[in-house]
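Text of the file coords-v9.tsv, holding TSV, C-alpha atoms:
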```tsv
chain	number	residue	atom	x	y	z
L	1	MET	CA	25.68	19.96	-0.93
L	2	PHE	CA	22.14	19.23	-2.05
L	3	GLU	CA	23.21	16.87	-4.81
L	4	HIS	CA	22.45	13.78	-2.77
L	5	ARG	CA	19.33	15.23	-1.25
L	6	LYS	CA	17.29	15.72	-4.42
L	7	LEU	CA	14.72	13.12	-3.45
L	8	GLU	CA	14.28	14.57	0.04
L	9	ILE	CA	13.70	18.03	-1.40
L	10	LEU	CA	11.27	16.69	-3.97
L	11	THR	CA	9.31	14.83	-1.29
L	12	LEU	CA	9.24	17.91	0.91
L	13	ILE	CA	7.88	19.96	-1.99
L	14	GLY	CA	5.27	17.26	-2.61
L	15	VAL	CA	4.16	17.34	1.01
L	16	ILE	CA	4.02	21.14	1.07
L	17	VAL	CA	1.96	21.29	-2.14
L	18	PHE	CA	-0.36	18.65	-0.69
L	19	VAL	CA	-0.84	20.55	2.58
L	20	VAL	CA	-1.40	23.87	0.80
L	21	LEU	CA	-3.99	22.28	-1.50
L	22	PHE	CA	-5.65	20.75	1.54
L	23	MET	CA	-5.79	24.07	3.34
L	24	TYR	CA	-7.24	25.71	0.26
L	25	VAL	CA	-9.91	23.06	-0.25
L	26	SER	CA	-10.87	22.95	3.41
L	27	SER	CA	-11.29	26.71	3.47
L	28	GLN	CA	-13.97	26.37	0.80
L	29	SER	CA	-17.30	25.32	2.21
L	30	GLY	CA	-19.11	22.13	1.25
L	31	HIS	CA	-16.34	19.62	1.87
L	32	GLU	CA	-16.90	17.26	4.75
L	33	PHE	CA	-13.73	15.21	4.35
L	34	SER	CA	-15.67	12.06	5.00
L	35	GLY	CA	-14.05	8.75	4.13
L	36	SER	CA	-14.31	7.73	0.50
L	37	ASP	CA	-15.37	4.27	1.74
L	38	ASP	CA	-18.51	5.83	3.20
L	39	VAL	CA	-19.13	7.95	0.11
L	40	GLY	CA	-18.85	4.71	-1.88
L	41	SER	CA	-21.40	3.03	0.36
L	42	GLU	CA	-23.78	5.95	-0.15
L	43	LYS	CA	-23.34	5.61	-3.88
L	44	ILE	CA	-24.30	1.92	-3.66
L	45	ALA	CA	-27.43	2.90	-1.76
L	46	GLU	CA	-28.22	5.47	-4.43
L	47	LEU	CA	-27.73	3.00	-7.30
L	48	THR	CA	-29.83	0.27	-5.71
L	49	GLY	CA	-32.44	2.64	-4.34
L	50	LYS	CA	-32.15	1.08	-0.89
L	51	PRO	CA	-31.19	3.11	2.19
L	52	VAL	CA	-27.68	2.68	3.58
L	53	ASP	CA	-29.08	1.22	6.81
L	54	SER	CA	-30.69	-1.67	4.94
L	55	PHE	CA	-27.26	-3.13	4.17
L	56	THR	CA	-26.70	-5.34	7.17
L	57	PRO	CA	-23.51	-7.34	7.66
L	58	LEU	CA	-23.57	-10.83	6.14
L	59	ILE	CA	-21.18	-11.96	8.85
L	60	PRO	CA	-21.65	-10.39	12.30
L	61	GLN	CA	-18.94	-7.87	12.92
L	62	TYR	CA	-17.36	-6.00	15.80
L	63	GLU	CA	-17.64	-2.27	15.38
L	64	PRO	CA	-15.65	0.22	17.45
L	65	PRO	CA	-18.23	1.85	19.72
L	66	SER	CA	-16.97	5.36	18.97
L	67	GLY	CA	-14.71	7.35	16.71
L	68	GLU	CA	-12.24	7.72	19.57
L	69	ILE	CA	-11.81	3.98	19.94
L	70	GLU	CA	-11.52	3.59	16.20
L	71	SER	CA	-8.76	6.18	16.05
L	72	THR	CA	-6.96	4.40	18.91
L	73	LEU	CA	-6.98	1.16	16.96
L	74	PHE	CA	-5.76	2.91	13.83
L	75	ALA	CA	-3.01	4.55	15.85
L	76	LEU	CA	-2.04	1.15	17.24
L	77	GLN	CA	-1.83	-0.23	13.72
L	78	ALA	CA	0.47	2.60	12.66
L	79	THR	CA	2.50	2.32	15.87
L	80	PHE	CA	3.08	-1.34	15.22
L	81	GLY	CA	4.42	-0.52	11.76
L	82	GLY	CA	6.51	2.36	13.09
L	83	VAL	CA	8.11	0.19	15.78
L	84	ILE	CA	9.12	-2.42	13.22
L	85	VAL	CA	10.59	0.18	10.87
L	86	GLY	CA	12.59	1.79	13.67
L	87	LEU	CA	13.77	-1.56	14.94
L	88	VAL	CA	15.03	-2.76	11.57
L	89	ILE	CA	16.65	0.52	10.56
L	90	GLY	CA	18.40	0.62	13.93
L	91	TYR	CA	19.50	-2.98	13.52
L	92	TRP	CA	20.94	-2.24	10.10
L	93	LEU	CA	22.67	0.90	11.31
L	94	GLY	CA	24.24	-1.10	14.12
L	95	GLN	CA	25.42	-3.74	11.66
L	96	LYS	CA	26.97	-1.11	9.47
L	97	LYS	CA	28.93	0.55	12.27
L	98	ARG	CA	30.40	-2.68	13.52
L	99	PRO	CA	33.34	-4.12	11.57
L	100	GLU	CA	32.38	-7.03	9.31
L	101	ARG	CA	32.19	-10.29	11.14
L	102	ALA	CA	33.95	-13.05	9.33
P	103	MET	CA	-11.02	1.14	-1.01
P	104	HIS	CA	-12.67	-0.97	1.62
P	105	ILE	CA	-15.97	-2.38	0.58
P	106	MET	CA	-17.98	-2.34	3.76
P	107	GLU	CA	-19.39	-5.52	5.26
P	108	GLY	CA	-22.84	-6.23	3.84
P	109	PHE	CA	-22.39	-3.96	0.85
P	110	LEU	CA	-21.58	-6.76	-1.57
P	111	PRO	CA	-24.04	-9.51	-2.52
P	112	TRP	CA	-22.87	-12.89	-1.24
P	113	GLN	CA	-22.38	-14.28	-4.76
P	114	TRP	CA	-19.77	-11.63	-5.45
P	115	CYS	CA	-18.16	-12.12	-2.05
P	116	LEU	CA	-17.70	-15.74	-3.00
P	117	VAL	CA	-16.25	-14.94	-6.43
P	118	TRP	CA	-13.59	-12.60	-5.02
P	119	TRP	CA	-12.74	-14.96	-2.17
P	120	ILE	CA	-12.20	-17.79	-4.66
P	121	ILE	CA	-9.86	-15.59	-6.69
P	122	ALA	CA	-7.99	-14.45	-3.58
P	123	ILE	CA	-7.39	-17.76	-1.84
P	124	PRO	CA	-4.84	-19.24	-4.29
P	125	PHE	CA	-2.71	-16.10	-3.89
P	126	ILE	CA	-2.69	-16.47	-0.11
P	127	VAL	CA	-1.74	-20.15	-0.35
P	128	MET	CA	1.03	-19.45	-2.85
P	129	GLY	CA	2.18	-16.52	-0.73
P	130	VAL	CA	2.49	-18.59	2.42
P	131	LEU	CA	4.44	-21.25	0.54
P	132	GLU	CA	6.80	-18.69	-0.96
P	133	LEU	CA	7.23	-17.01	2.38
P	134	ARG	CA	8.32	-20.27	4.00
P	135	LYS	CA	10.72	-20.95	1.15
P	136	LEU	CA	12.22	-17.47	1.37
P	137	LEU	CA	12.79	-17.59	5.10
P	138	LYS	CA	14.33	-21.04	4.95
P	139	GLN	CA	16.65	-19.79	2.25
P	140	ASP	CA	18.07	-16.89	4.17
P	141	ARG	CA	17.10	-15.24	7.45
P	142	GLU	CA	18.75	-12.07	6.21
P	143	TYR	CA	15.58	-11.22	4.30
P	144	LEU	CA	13.45	-11.08	7.42
P	145	PRO	CA	14.25	-7.46	8.43
P	146	LEU	CA	13.54	-6.20	4.90
P	147	LEU	CA	10.29	-8.13	4.88
P	148	GLY	CA	9.47	-6.47	8.19
P	149	VAL	CA	10.09	-2.98	6.81
P	150	CYS	CA	8.04	-3.61	3.65
P	151	GLY	CA	5.18	-5.03	5.69
P	152	ALA	CA	5.42	-2.28	8.26
P	153	PHE	CA	4.94	0.38	5.61
P	154	ILE	CA	1.74	-1.30	4.48
P	155	PHE	CA	0.59	-1.19	8.11
P	156	ILE	CA	1.51	2.46	8.56
P	157	LEU	CA	0.26	3.85	5.27
P	158	SER	CA	-3.00	1.95	5.28
P	159	ALA	CA	-3.74	3.29	8.78
P	160	LEU	CA	-3.56	6.87	7.56
P	161	LYS	CA	-6.74	8.35	6.26
P	162	LEU	CA	-5.46	11.34	4.39
P	163	PRO	CA	-7.59	14.22	3.22
P	164	SER	CA	-7.50	14.70	-0.50
P	165	VAL	CA	-8.11	17.76	-2.63
P	166	THR	CA	-11.53	16.46	-3.61
P	167	GLY	CA	-12.80	16.99	-0.07
P	168	SER	CA	-12.90	13.41	1.08
P	169	CYS	CA	-10.44	11.15	2.85
P	170	SER	CA	-8.82	7.95	1.73
P	171	HIS	CA	-6.03	5.53	2.54
P	172	PRO	CA	-2.79	5.06	0.69
P	173	THR	CA	-1.91	1.38	0.36
P	174	GLY	CA	1.87	1.16	0.71
P	175	THR	CA	2.15	-2.08	-1.23
P	176	GLY	CA	4.71	-0.84	-3.78
P	177	LEU	CA	7.84	-1.58	-1.75
P	178	SER	CA	6.81	-5.08	-0.83
P	179	VAL	CA	5.82	-6.11	-4.33
P	180	MET	CA	9.14	-4.96	-5.75
P	181	CYS	CA	11.24	-6.71	-3.17
P	182	PHE	CA	9.16	-9.84	-2.56
P	183	LYS	CA	6.88	-10.21	-5.59
P	184	PRO	CA	3.07	-10.33	-5.61
P	185	TYR	CA	2.40	-13.59	-3.73
P	186	ILE	CA	4.13	-12.59	-0.51
P	187	THR	CA	2.64	-9.11	-0.77
P	188	ALA	CA	-0.79	-10.74	-0.90
P	189	VAL	CA	-0.13	-12.37	2.48
P	190	ILE	CA	0.94	-9.11	4.13
P	191	GLY	CA	-2.06	-7.34	2.64
P	192	PHE	CA	-4.30	-10.10	3.95
P	193	VAL	CA	-3.00	-9.63	7.50
P	194	VAL	CA	-3.61	-5.87	7.38
P	195	LEU	CA	-7.08	-6.22	5.90
P	196	LEU	CA	-8.02	-8.93	8.39
P	197	PHE	CA	-7.00	-6.67	11.27
P	198	GLN	CA	-9.08	-3.82	9.87
P	199	ALA	CA	-12.06	-6.08	9.22
P	200	LEU	CA	-12.05	-7.68	12.66
P	201	LEU	CA	-11.31	-4.67	14.84
P	202	LEU	CA	-12.05	-1.55	12.87
P	203	ALA	CA	-15.16	-2.42	10.88
P	204	HIS	CA	-13.29	-1.29	7.78
P	205	GLY	CA	-14.34	-3.87	5.28
P	206	GLY	CA	-15.62	-7.14	6.67
P	207	LEU	CA	-15.06	-10.85	6.54
P	208	SER	CA	-17.46	-11.41	3.65
P	209	THR	CA	-15.97	-8.57	1.61
P	210	LEU	CA	-12.40	-9.44	2.61
P	211	GLY	CA	-11.94	-11.43	-0.60
P	212	ALA	CA	-12.91	-8.44	-2.72
P	213	ASN	CA	-10.76	-6.07	-0.69
P	214	MET	CA	-7.82	-8.45	-1.00
P	215	VAL	CA	-8.21	-8.66	-4.77
P	216	SER	CA	-8.04	-4.86	-5.00
P	217	MET	CA	-5.44	-3.89	-2.39
P	218	ALA	CA	-3.36	-6.99	-1.73
P	219	ILE	CA	-3.38	-8.63	-5.16
P	220	GLY	CA	-4.54	-6.56	-8.13
P	221	GLY	CA	-2.87	-3.25	-7.32
P	222	PRO	CA	0.46	-4.87	-6.43
P	223	ILE	CA	0.44	-7.07	-9.55
P	224	VAL	CA	0.02	-4.08	-11.84
P	225	GLY	CA	2.71	-2.29	-9.84
P	226	TYR	CA	4.94	-5.30	-10.35
P	227	LEU	CA	4.35	-5.16	-14.11
P	228	VAL	CA	5.43	-1.53	-14.08
P	229	TYR	CA	8.57	-2.56	-12.20
P	230	LYS	CA	9.29	-5.31	-14.74
P	231	LEU	CA	8.82	-2.83	-17.55
P	232	LEU	CA	11.14	-0.20	-16.10
P	233	LYS	CA	13.67	-2.45	-14.40
P	234	ASN	CA	16.08	-2.97	-17.26
P	235	THR	CA	15.75	0.46	-18.80
P	236	SER	CA	17.96	3.41	-18.00
P	237	VAL	CA	15.20	4.92	-15.87
P	238	ASN	CA	16.52	6.01	-12.49
P	239	ILE	CA	15.57	3.42	-9.88
P	240	PHE	CA	13.93	5.95	-7.60
P	241	VAL	CA	11.70	6.99	-10.48
P	242	THR	CA	10.88	3.31	-10.90
P	243	VAL	CA	9.97	2.98	-7.22
P	244	PHE	CA	7.83	6.09	-7.46
P	245	CYS	CA	5.95	4.73	-10.47
P	246	VAL	CA	5.46	1.28	-8.94
P	247	ALA	CA	4.13	2.66	-5.64
P	248	ALA	CA	1.86	5.23	-7.26
P	249	VAL	CA	0.48	2.78	-9.81
P	250	ALA	CA	-0.13	0.03	-7.21
P	251	ASP	CA	-2.03	2.58	-5.15
P	252	ILE	CA	-4.22	3.98	-7.90
P	253	ILE	CA	-4.97	0.59	-9.50
P	254	THR	CA	-6.21	-0.67	-6.13
P	255	TYR	CA	-8.97	1.91	-6.32
P	256	VAL	CA	-9.67	1.24	-9.98
P	257	ILE	CA	-10.26	-2.41	-9.07
P	258	THR	CA	-12.52	-1.50	-6.16
P	259	SER	CA	-14.56	0.64	-8.54
P	260	PHE	CA	-14.75	-2.29	-10.92
P	261	GLU	CA	-15.79	-4.72	-8.19
P	262	LEU	CA	-18.60	-2.43	-7.14
P	263	ALA	CA	-19.62	-1.72	-10.72
P	264	VAL	CA	-20.09	-5.37	-11.67
P	265	ALA	CA	-22.10	-5.95	-8.50
P	266	TYR	CA	-24.17	-2.80	-8.91
P	267	PRO	CA	-24.63	-1.93	-12.59
P	268	ALA	CA	-26.51	1.31	-13.06
P	269	ALA	CA	-30.08	1.11	-14.36
P	270	VAL	CA	-29.08	3.40	-17.19
P	271	GLY	CA	-25.69	2.69	-18.79
P	272	GLY	CA	-25.04	-0.56	-16.91
P	273	ILE	CA	-21.63	-1.52	-15.61
P	274	ALA	CA	-19.76	1.21	-17.50
P	275	ALA	CA	-21.87	4.02	-16.06
P	276	SER	CA	-21.66	2.61	-12.59
P	277	PHE	CA	-17.89	2.12	-12.91
P	278	GLY	CA	-17.61	5.77	-13.85
P	279	ALA	CA	-19.57	6.78	-10.78
P	280	PHE	CA	-17.47	4.72	-8.36
P	281	PHE	CA	-14.27	5.65	-10.14
P	282	ALA	CA	-15.13	9.31	-9.66
P	283	ILE	CA	-15.45	8.75	-5.92
P	284	PHE	CA	-12.45	6.53	-5.28
P	285	ALA	CA	-9.84	6.97	-7.94
P	286	ILE	CA	-9.99	10.72	-8.36
P	287	THR	CA	-9.59	11.20	-4.62
P	288	GLN	CA	-6.65	8.86	-4.83
P	289	VAL	CA	-4.56	10.58	-7.52
P	290	PRO	CA	-2.89	13.15	-5.23
P	291	LEU	CA	-2.49	10.56	-2.49
P	292	SER	CA	-0.80	8.08	-4.77
P	293	ILE	CA	1.66	10.72	-5.96
P	294	LEU	CA	2.51	11.47	-2.35
P	295	GLU	CA	2.80	7.78	-1.55
P	296	GLY	CA	5.13	7.29	-4.52
P	297	LEU	CA	7.41	10.06	-3.27
P	298	VAL	CA	7.50	8.77	0.28
P	299	LEU	CA	8.19	5.18	-0.70
P	300	ALA	CA	10.92	6.25	-3.12
P	301	LEU	CA	12.56	8.07	-0.23
P	302	VAL	CA	12.20	5.03	2.03
P	303	PHE	CA	13.72	2.87	-0.66
P	304	LYS	CA	16.67	5.23	-0.87
P	305	TYR	CA	17.38	4.77	2.83
P	306	ILE	CA	17.04	1.01	2.54
P	307	LEU	CA	19.53	1.09	-0.33
P	308	GLU	CA	21.98	3.19	1.63
P	309	LEU	CA	21.87	0.78	4.54
P	310	LYS	CA	21.48	-2.59	2.85
P	311	PRO	CA	22.36	-2.48	-0.84
P	312	ASP	CA	23.54	-6.09	-0.65
P	313	VAL	CA	20.12	-7.47	0.32
P	314	ILE	CA	18.38	-5.62	-2.51
P	315	GLU	CA	21.05	-6.91	-4.88
P	316	LYS	CA	20.77	-10.46	-3.59
P	317	LEU	CA	17.02	-10.47	-4.03
P	318	GLY	CA	17.66	-9.41	-7.61
P	319	VAL	CA	15.50	-6.31	-7.30
P	320	PHE	CA	18.11	-4.15	-9.00
P	321	SER	CA	21.59	-4.94	-10.25
P	322	LYS	CA	24.76	-3.75	-8.56
P	323	GLU	CA	25.47	-1.29	-11.36
P	324	GLN	CA	22.04	0.26	-11.03
P	325	ILE	CA	22.37	0.57	-7.26
P	326	ASP	CA	25.83	2.11	-7.45
P	327	LYS	CA	24.65	4.57	-10.04
P	328	ALA	CA	21.65	5.57	-7.96
P	329	LEU	CA	23.70	6.05	-4.83
P	330	GLY	CA	26.37	7.95	-6.71
P	331	THR	CA	29.23	5.75	-5.50
P	332	PRO	CA	30.81	4.52	-8.73
P	333	ASP	CA	33.32	2.10	-7.24
P	334	ALA	CA	31.45	1.54	-4.00
P	335	ALA	CA	34.54	2.44	-2.03
P	336	PRO	CA	33.90	2.24	1.70
P	337	LYS	CA	33.69	5.69	3.19
P	338	LYS	CA	36.26	6.72	5.70
P	339	VAL	CA	34.71	6.94	9.13
```
As structure tokens, the full file:
Amino acid sequence: MFEHRKLEILTLIGVIVFVVLFMYVSSQSGHEFSGSDDVGSEKIAELTGKPVDSFTPLIPQYEPPSGEIESTLFALQATFGGVIVGLVIGYWLGQKKRPERA
Amino acid sequence: MHIMEGFLPWQWCLVWWIIAIPFIVMGVLELRKLLKQDREYLPLLGVCGAFIFILSALKLPSVTGSCSHPTGTGLSVMCFKPYITAVIGFVVLLFQALLLAHGGLSTLGANMVSMAIGGPIVGYLVYKLLKNTSVNIFVTVFCVAAVADIITYVITSFELAVAYPAAVGGIAASFGAFFAIFAITQVPLSILEGLVLALVFKYILELKPDVIEKLGVFSKEQIDKALGTPDAAPKKV
């Protein structure tokens, strides 16, 4: 019965391996799990010898006042995507159930 | 892969913007043509775009102890080719630059070249290469998605390296340093992204094989083979 579910099983295994690796790495000390964008910025500062704070925006920019607000906006972004996916899949499912319209 | 606002000298911002703009223009033109041609493509476009929105909002922890975004551009580039993907990528990056301070308006050009243009184009080449071989189409999707993801970060590393060559070793040394930060973190994430998008593609195929066929993404024979329905007989309900 699993013949048509190979890909699902493979993905599940992938996710499990990923989570287990994550749990292992996070149990070791010395990993902050900071964003690689920020680590990249620090590297730029290191290469140029200028502190990170000296890089000021060329074009003034809105910055979310706190991490909470930032995560809200990220959640909104994902929600927007999720709504569209659900909508379309539902639309297609509905089309499939109905007899073909001539 | 976002290059933060202010972290790229203005000359380089300009260079990457100039490279990016033609893709956006071409993308908008193609998008209009596609939608005039057939409204049936709109839902699929929505799903492909939506996955870029979802995946690029997720900052996943990687085994290297830092977090990074998948890109999700693989599906879109296979179904709608690089130009249209560039437009969707532009919308996502603009949103993140304006509201989230992830990347900025000056670095938007550079971020587009990596995530919305460069990564997808290389992914598309992989698709072209594997399309007419006997490789299973889900394996193809996996490869396209994973490659588009990882190349995005390779390009970001390159963009930073040419702007900030190391004092010792120049561009190559600095590329190595950025590559170590971005791309290595990204390897496990891109594998995961490849798996997830392959699965999504399977569900799209099960629901709408005709649209995928009409777009010429894969041939009918390939789709039937992948779904395991040799004569595509309608199932009894």
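Using all atoms listed in the file, one finds that the residues of chain P close to chain L, at 6 Å or less, are His104, Glu107, Gly108, Phe109, Pro145, Val149, Ala152, Phe155, Ile156, Ala159, Val165, Gly167, Ser168, Cys169, Ser170, Ala203 and Leu297 of chain P.
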Might you pull out every residue within 9 Å of range 222-239 of chain P, with all atoms listed in the file counted and same-chain residues fewer than 2 positions away left off, and present them as a PyMOL selection string? chain P and resi 175-176+178-180+183-185+187-188+216-220+241-251+253-254+300+319-320+324-325+327-328
Which distance in Å separates CA of Gly191 in chain P and CA of Gly148 in chain P, to one decimal?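 Atom-to-atom, CA of Gly191 in chain P to CA of Gly148 in chain P, that is 12.8 Å.
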What is the distance between CA of Pro111 in chain P and CA of Ala265 in chain P, in Å to one decimal?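 For CA of Pro111 in chain P relative to CA of Ala265 in chain P, the distance reads 7.2 Å.
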Write out as a PyMOL selection string each polymer residue whose atoms come within 8 Å of Tyr255 in chain P, counting all atoms listed in the file; drop sequence neighbours fewer than 3 positions from it. chain P and resi 103+216-217+251-252+258-259+281+284-285+288
Quick check, in Å to one decimal: how far apart do CA of Ile105 in chain P and CA of Ala199 in chain P lie? 10.2 Å
